[in-house]
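**Student:** Can you read through this structure? Questions will come right after.
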Amino acid sequence: MTYDDLFIRACRGQKVERVPVWYMRQAGRYDPEYREIKKKYSLLEICRQPELAAEITMMPVKKLGVDAAILYSDIMNPVESIGIDFDIVANVGPVIHNPIRERRDVEKLRPIDVENDLGHVLETIRILDRELSIPLITFAGAPFTIASYLIEGRPSKNYWRTKQMMYSEPELWAQLMSKLEDMVVAYFQAQLKNGAKAIQLFDSWVGALAPEDFQKFVLPTIERIFARLSDYDQPKIYYPGVSSGELLPTLGGVQADVIGIDWRITLTEGRKRLDRPVAVQGNLDPTVLTAPQEVIEQYAKNVIDHGLRDKGFIFNLGHGLFPEVSLDKLKALTEFVHRYSEEAIREKSFVESEGV
């Protein structure tokens, strides 16, 4: 099997012939075939069936022509192993039946047992490692984002309970962050040992914090996670979620190869704020995908033009796909990114070689 490493090269800032594409939540609800499967099984039931989870992971690879696969799973999967009882409720999200509200709740959390409790996830990764001809990205939820669910008990708009613990009981907060850090590291290590070709740490809601609070209460944990994984050669991505542009200048000590950027700033501005040589990923507003195709391509062109101003660029969205997106439009977008970026890179190479 020929292995296409375009995505890996882009993560490492190496030469590419075109821009690689993948989409957050690319295996999901926009696909009618997936919606039919979901009529029979819940998300967690699918995750416990490695063959089915692998099949769903590969659907967008076959249908869209993307350059990387993202494991079909959920960021909440590992928390059951540490003692959290939860469900994924339709149109709500994760609902925690034993939310963390006081010290004894944190102290009851046990170390993760990946092999025994998440063997089905590891088997899915092994299947995909055998079947895919493009890299497989696996992922985990970052400690703040996971903590926001565990403390609030469900998705939140203001995260007041989470911030209350952070501000009022900093030692307890640090203890919780430490336990979630250990969970994430062990989970990632198992993924990397079983066939993951890249990993992404999703910190979807950390943009709710002021930069000073992020630096004080969250960033040290993020830095330690990536430092503890530094012996693994696979590319590592940190996605600090939506509304996180103000946090980018603080990420200099995070040993990630790629930083995901949302659509509220340009990739050029994002690189300027990061102020270090690192690949970037993003950053089309996913709601643009509801527009006519010519409008989608105009916005995509702008993202690509910014992304190609420096080496190390992966085309993606600023956040995940949602059900109203058209599969046909998404396929056309993928083809456009490949076609337009190949022409742009060829032209740029010609100009540089001619010394123009």
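For the structure tokens, the naming scheme is as follows: chains receive sequential letters (A, B, ...) according to their order of presentation, residues are indexed from 1 within each chain, and ligands are indexed from 1 in presentation order.
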Do a neighbour search on range 61-67 of chain A at 10 Å with only C-alpha atoms, toss out local chain neighbours closer than 5 positions, and write the hits as number ranges by chain.
**Tutor:** A: 4-8, 19-23, 26-27, 31, 56, 132-136, 314-315, 327-335, 338
**Student:** Emit the selected residues as a short mmCIF file (atom, residue, chain, number, x, y, z; two decimals), in the first residue's frame, including N, CA, C and O atoms.
**Tutor:**
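Printed below is again.cif as written:
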data_model
loop_
_atom_site.label_atom_id
_atom_site.label_comp_id
_atom_site.auth_asym_id
_atom_site.auth_seq_id
_atom_site.Cartn_x
_atom_site.Cartn_y
_atom_site.Cartn_z
N ASP A 4 0.50 8.03 1.68
CA ASP A 4 0.59 9.44 1.33
C ASP A 4 0.90 10.24 2.59
O ASP A 4 0.08 10.34 3.50
N ASP A 5 2.10 10.82 2.65
CA ASP A 5 2.52 11.53 3.85
C ASP A 5 2.42 13.05 3.71
O ASP A 5 3.06 13.80 4.45
N LEU A 6 1.61 13.53 2.75
CA LEU A 6 1.46 14.97 2.51
C LEU A 6 1.13 15.71 3.80
O LEU A 6 1.73 16.74 4.14
N PHE A 7 0.17 15.20 4.54
CA PHE A 7 -0.27 15.84 5.78
C PHE A 7 0.88 15.90 6.79
O PHE A 7 1.11 16.92 7.44
N ILE A 8 1.63 14.80 6.92
CA ILE A 8 2.74 14.75 7.88
C ILE A 8 3.81 15.77 7.51
O ILE A 8 4.34 16.48 8.37
N VAL A 19 -1.69 21.83 -0.69
CA VAL A 19 -2.06 21.95 0.72
C VAL A 19 -2.92 20.75 1.13
O VAL A 19 -3.91 20.44 0.46
N PRO A 20 -2.57 20.07 2.21
CA PRO A 20 -3.41 18.97 2.69
C PRO A 20 -4.68 19.50 3.34
O PRO A 20 -4.69 20.59 3.92
N VAL A 21 -5.73 18.68 3.27
CA VAL A 21 -7.05 19.06 3.80
C VAL A 21 -7.58 17.95 4.70
O VAL A 21 -7.50 16.78 4.36
N TRP A 22 -8.12 18.34 5.84
CA TRP A 22 -9.02 17.48 6.60
C TRP A 22 -9.95 18.40 7.37
O TRP A 22 -9.70 19.60 7.46
N TYR A 23 -11.04 17.85 7.89
CA TYR A 23 -12.04 18.68 8.55
C TYR A 23 -12.37 18.12 9.93
O TYR A 23 -12.61 16.92 10.08
N GLN A 26 -15.19 15.46 10.51
CA GLN A 26 -15.46 15.06 9.13
C GLN A 26 -16.20 13.72 9.04
O GLN A 26 -16.81 13.43 8.01
N ALA A 27 -16.12 12.91 10.09
CA ALA A 27 -16.92 11.68 10.14
C ALA A 27 -18.14 11.98 11.01
O ALA A 27 -18.08 11.84 12.23
N ASP A 31 -23.29 13.62 6.77
CA ASP A 31 -23.30 12.50 5.82
C ASP A 31 -24.58 11.67 6.01
O ASP A 31 -24.79 11.09 7.08
N ILE A 56 -16.75 4.11 9.79
CA ILE A 56 -17.21 5.50 9.79
C ILE A 56 -16.03 6.45 9.66
O ILE A 56 -16.12 7.47 8.97
N LEU A 132 -5.77 2.19 6.16
CA LEU A 132 -5.65 3.52 5.57
C LEU A 132 -4.36 3.69 4.78
O LEU A 132 -3.32 3.14 5.13
N SER A 133 -4.44 4.48 3.73
CA SER A 133 -3.25 4.86 2.97
C SER A 133 -2.89 6.32 3.21
O SER A 133 -2.00 6.88 2.56
N ILE A 134 -3.60 6.97 4.13
CA ILE A 134 -3.29 8.33 4.57
C ILE A 134 -3.15 8.31 6.09
O ILE A 134 -3.58 7.36 6.74
N PRO A 135 -2.56 9.34 6.68
CA PRO A 135 -2.34 9.32 8.13
C PRO A 135 -3.64 9.33 8.93
O PRO A 135 -4.63 9.95 8.53
N LEU A 136 -3.61 8.66 10.06
CA LEU A 136 -4.71 8.67 11.01
C LEU A 136 -4.38 9.63 12.15
O LEU A 136 -3.34 9.48 12.81
N ILE A 314 -2.00 23.50 7.02
CA ILE A 314 -3.03 22.48 6.77
C ILE A 314 -4.37 23.18 6.69
O ILE A 314 -4.74 23.93 7.60
N PHE A 315 -5.11 22.95 5.61
CA PHE A 315 -6.43 23.56 5.47
C PHE A 315 -7.44 22.80 6.31
O PHE A 315 -7.54 21.58 6.22
N LEU A 327 -22.68 17.41 1.80
CA LEU A 327 -21.56 16.54 1.46
C LEU A 327 -20.98 16.92 0.10
O LEU A 327 -19.75 16.95 -0.08
N ASP A 328 -21.84 17.25 -0.86
CA ASP A 328 -21.36 17.61 -2.19
C ASP A 328 -20.53 18.89 -2.16
O ASP A 328 -19.51 19.00 -2.85
N LYS A 329 -20.98 19.87 -1.37
CA LYS A 329 -20.21 21.12 -1.26
C LYS A 329 -18.86 20.86 -0.60
O LYS A 329 -17.84 21.46 -0.98
N LEU A 330 -18.84 19.99 0.37
CA LEU A 330 -17.61 19.68 1.07
C LEU A 330 -16.62 18.97 0.14
O LEU A 330 -15.41 19.26 0.15
N LYS A 331 -17.13 18.07 -0.67
CA LYS A 331 -16.27 17.40 -1.65
C LYS A 331 -15.72 18.40 -2.66
O LYS A 331 -14.52 18.38 -2.99
N ALA A 332 -16.58 19.30 -3.12
CA ALA A 332 -16.14 20.33 -4.08
C ALA A 332 -15.11 21.25 -3.45
O ALA A 332 -14.15 21.67 -4.11
N LEU A 333 -15.28 21.57 -2.17
CA LEU A 333 -14.30 22.41 -1.48
C LEU A 333 -12.95 21.72 -1.40
O LEU A 333 -11.91 22.34 -1.65
N THR A 334 -12.96 20.44 -1.06
CA THR A 334 -11.71 19.68 -0.97
C THR A 334 -10.98 19.71 -2.31
O THR A 334 -9.76 19.95 -2.37
N GLU A 335 -11.71 19.48 -3.38
CA GLU A 335 -11.11 19.50 -4.72
C GLU A 335 -10.58 20.88 -5.06
O GLU A 335 -9.50 21.02 -5.66
N HIS A 338 -7.27 21.58 -3.15
CA HIS A 338 -6.17 20.85 -3.79
C HIS A 338 -5.75 21.53 -5.09
O HIS A 338 -4.56 21.78 -5.32
#
**Student:** Which neighbours of Tyr340 in chain A fall inside 9 Å, counting only C-alpha atoms, when residues of the same chain fewer than 3 positions from it are skipped, and could you give them as a count of residues only?
**Tutor:** 10
**Student:** Could you give me, as a ChimeraX atom specification, each residue of range 104-294 of chain A that DSSP assigns to strand (DSSP E or B) when run on this structure's backbone?
**Tutor:** /A:136-141,198-202,236-239,258-260,279-284
**Student:** Which polymer residues have any atom within 9 Å of an atom of Gly270 in chain A, counting only C-alpha atoms, with same-chain residues fewer than 6 positions away left out, as a list in words?
**Tutor:**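 With the cut-off at 9 Å, the set is Gly245, Leu248, Pro249, Ile261 and Val280 of chain A.
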**Student:** I need the residues from that last selection saved to file as a PDB file, in the first residue's frame (with N, CA, C and O atoms), if you can.
**Tutor:**
ATOM      1  N   GLY A 245      -7.935  33.540  19.853  1.00  0.00           N
ATOM      2  CA  GLY A 245      -6.873  34.336  19.249  1.00  0.00           C
ATOM      3  C   GLY A 245      -6.024  35.093  20.253  1.00  0.00           C
ATOM      4  O   GLY A 245      -4.809  35.261  20.070  1.00  0.00           O
ATOM      5  N   LEU A 248      -3.024  33.031  21.758  1.00  0.00           N
ATOM      6  CA  LEU A 248      -1.909  32.565  20.928  1.00  0.00           C
ATOM      7  C   LEU A 248      -0.545  33.079  21.378  1.00  0.00           C
ATOM      8  O   LEU A 248       0.436  32.320  21.354  1.00  0.00           O
ATOM      9  N   PRO A 249      -0.417  34.347  21.805  1.00  0.00           N
ATOM     10  CA  PRO A 249       0.917  34.820  22.220  1.00  0.00           C
ATOM     11  C   PRO A 249       1.478  34.091  23.438  1.00  0.00           C
ATOM     12  O   PRO A 249       2.673  34.191  23.720  1.00  0.00           O
ATOM     13  N   ILE A 261      -6.099  27.335  14.483  1.00  0.00           N
ATOM     14  CA  ILE A 261      -6.544  28.726  14.632  1.00  0.00           C
ATOM     15  C   ILE A 261      -7.971  28.845  14.136  1.00  0.00           C
ATOM     16  O   ILE A 261      -8.320  28.309  13.085  1.00  0.00           O
ATOM     17  N   VAL A 280       0.506  25.881  11.054  1.00  0.00           N
ATOM     18  CA  VAL A 280      -0.823  26.311  11.479  1.00  0.00           C
ATOM     19  C   VAL A 280      -1.879  25.508  10.732  1.00  0.00           C
ATOM     20  O   VAL A 280      -1.650  25.032   9.619  1.00  0.00           O
TER      21      VAL A 280
END
**Student:** Within 12 Å of Ile84 in chain A, counting only C-alpha atoms, which residues qualify if same-chain residues fewer than 6 places away don't, as a ChimeraX atom specification?
**Tutor:** /A:76-78,94-100,105-106,108-112,146-147,149-151,153,180
**Student:** Find the residues around Asn158 in chain A up to 12 Å (only C-alpha atoms counted), leave out those fewer than 4 positions away in its own chain, and share them as a ChimeraX atom specification.
**Tutor:** /A:148-149,152,154,162-164,205-209
**Student:** Restricting the output to C-alpha atoms, write the selected residues as an mmCIF file, in the first residue's frame.
**Tutor:**
data_model
loop_
_atom_site.group_PDB
_atom_site.id
_atom_site.type_symbol
_atom_site.label_atom_id
_atom_site.label_comp_id
_atom_site.auth_asym_id
_atom_site.auth_seq_id
_atom_site.Cartn_x
_atom_site.Cartn_y
_atom_site.Cartn_z
ATOM 1 C CA SER A 148 -15.784 22.164 32.149
ATOM 2 C CA TYR A 149 -18.086 19.212 31.434
ATOM 3 C CA GLU A 152 -20.819 21.991 35.053
ATOM 4 C CA ARG A 154 -23.302 19.422 30.873
ATOM 5 C CA THR A 162 -15.717 25.815 36.493
ATOM 6 C CA LYS A 163 -14.359 29.311 36.980
ATOM 7 C CA GLN A 164 -15.661 29.400 40.529
ATOM 8 C CA TRP A 205 -13.751 25.910 25.235
ATOM 9 C CA VAL A 206 -10.546 27.347 26.683
ATOM 10 C CA GLY A 207 -11.186 30.562 24.740
ATOM 11 C CA ALA A 208 -13.657 31.383 27.523
ATOM 12 C CA LEU A 209 -10.680 32.334 29.696
#
**Student:** Can you tell me, as a PyMOL selection string, which residues in range 59-299 of chain A count as helix (DSSP H, G or I) by DSSP?
**Tutor:** chain A and resi 59-64+77-82+103-107+114-117+119-131+143-152+160-168+170-193+206-208+211-217+219-228+245-253+267-274+286-290+293-299
**Student:** CA of Ile222 in chain A and CA of Arg161 in chain A, how far apart in Å?
**Tutor:** 21.2 Å
**Student:** Any idea what's packed within 7 Å of range 195-197 of chain A, counting only C-alpha atoms, ignoring anything in its chain fewer than 5 positions away? Could you give it as a ChimeraX atom specification?
**Tutor:** /A:125-126,129,135-138,234
**Student:** Could those selected residues go to a file with C-alpha atoms, as a PDB file, in the first residue's frame?
**Tutor:**
ATOM      1  CA  ILE A 125      -6.836   2.442  15.698  1.00  0.00           C
ATOM      2  CA  ARG A 126      -5.095  -0.827  14.814  1.00  0.00           C
ATOM      3  CA  ASP A 129      -3.537   1.574  10.717  1.00  0.00           C
ATOM      4  CA  PRO A 135      -2.344   9.323   8.132  1.00  0.00           C
ATOM      5  CA  LEU A 136      -4.715   8.674  11.013  1.00  0.00           C
ATOM      6  CA  ILE A 137      -5.145  11.495  13.527  1.00  0.00           C
ATOM      7  CA  THR A 138      -6.305  10.444  16.976  1.00  0.00           C
ATOM      8  CA  GLN A 234       4.410  11.673  15.449  1.00  0.00           C
TER       9      GLN A 234
END
**Student:** Considering only C-alpha atoms, tabulate each residue of range 78-173 of chain A that lies at most 10 Å from range 36-44 of chain A along with its nearest interatomic pair and the corresponding distance in Å to one decimal; arrange the rows by chain and ascending residue number and present them as JSON lines.
**Tutor:**
{"residue": "A:Asp87", "atom": "CA", "partner": "A:Leu44", "partner_atom": "CA", "distance": 8.3}
{"residue": "A:Ile88", "atom": "CA", "partner": "A:Leu43", "partner_atom": "CA", "distance": 7.5}
{"residue": "A:Val89", "atom": "CA", "partner": "A:Ser42", "partner_atom": "CA", "distance": 9.3}
{"residue": "A:Ala90", "atom": "CA", "partner": "A:Ser42", "partner_atom": "CA", "distance": 9.1}
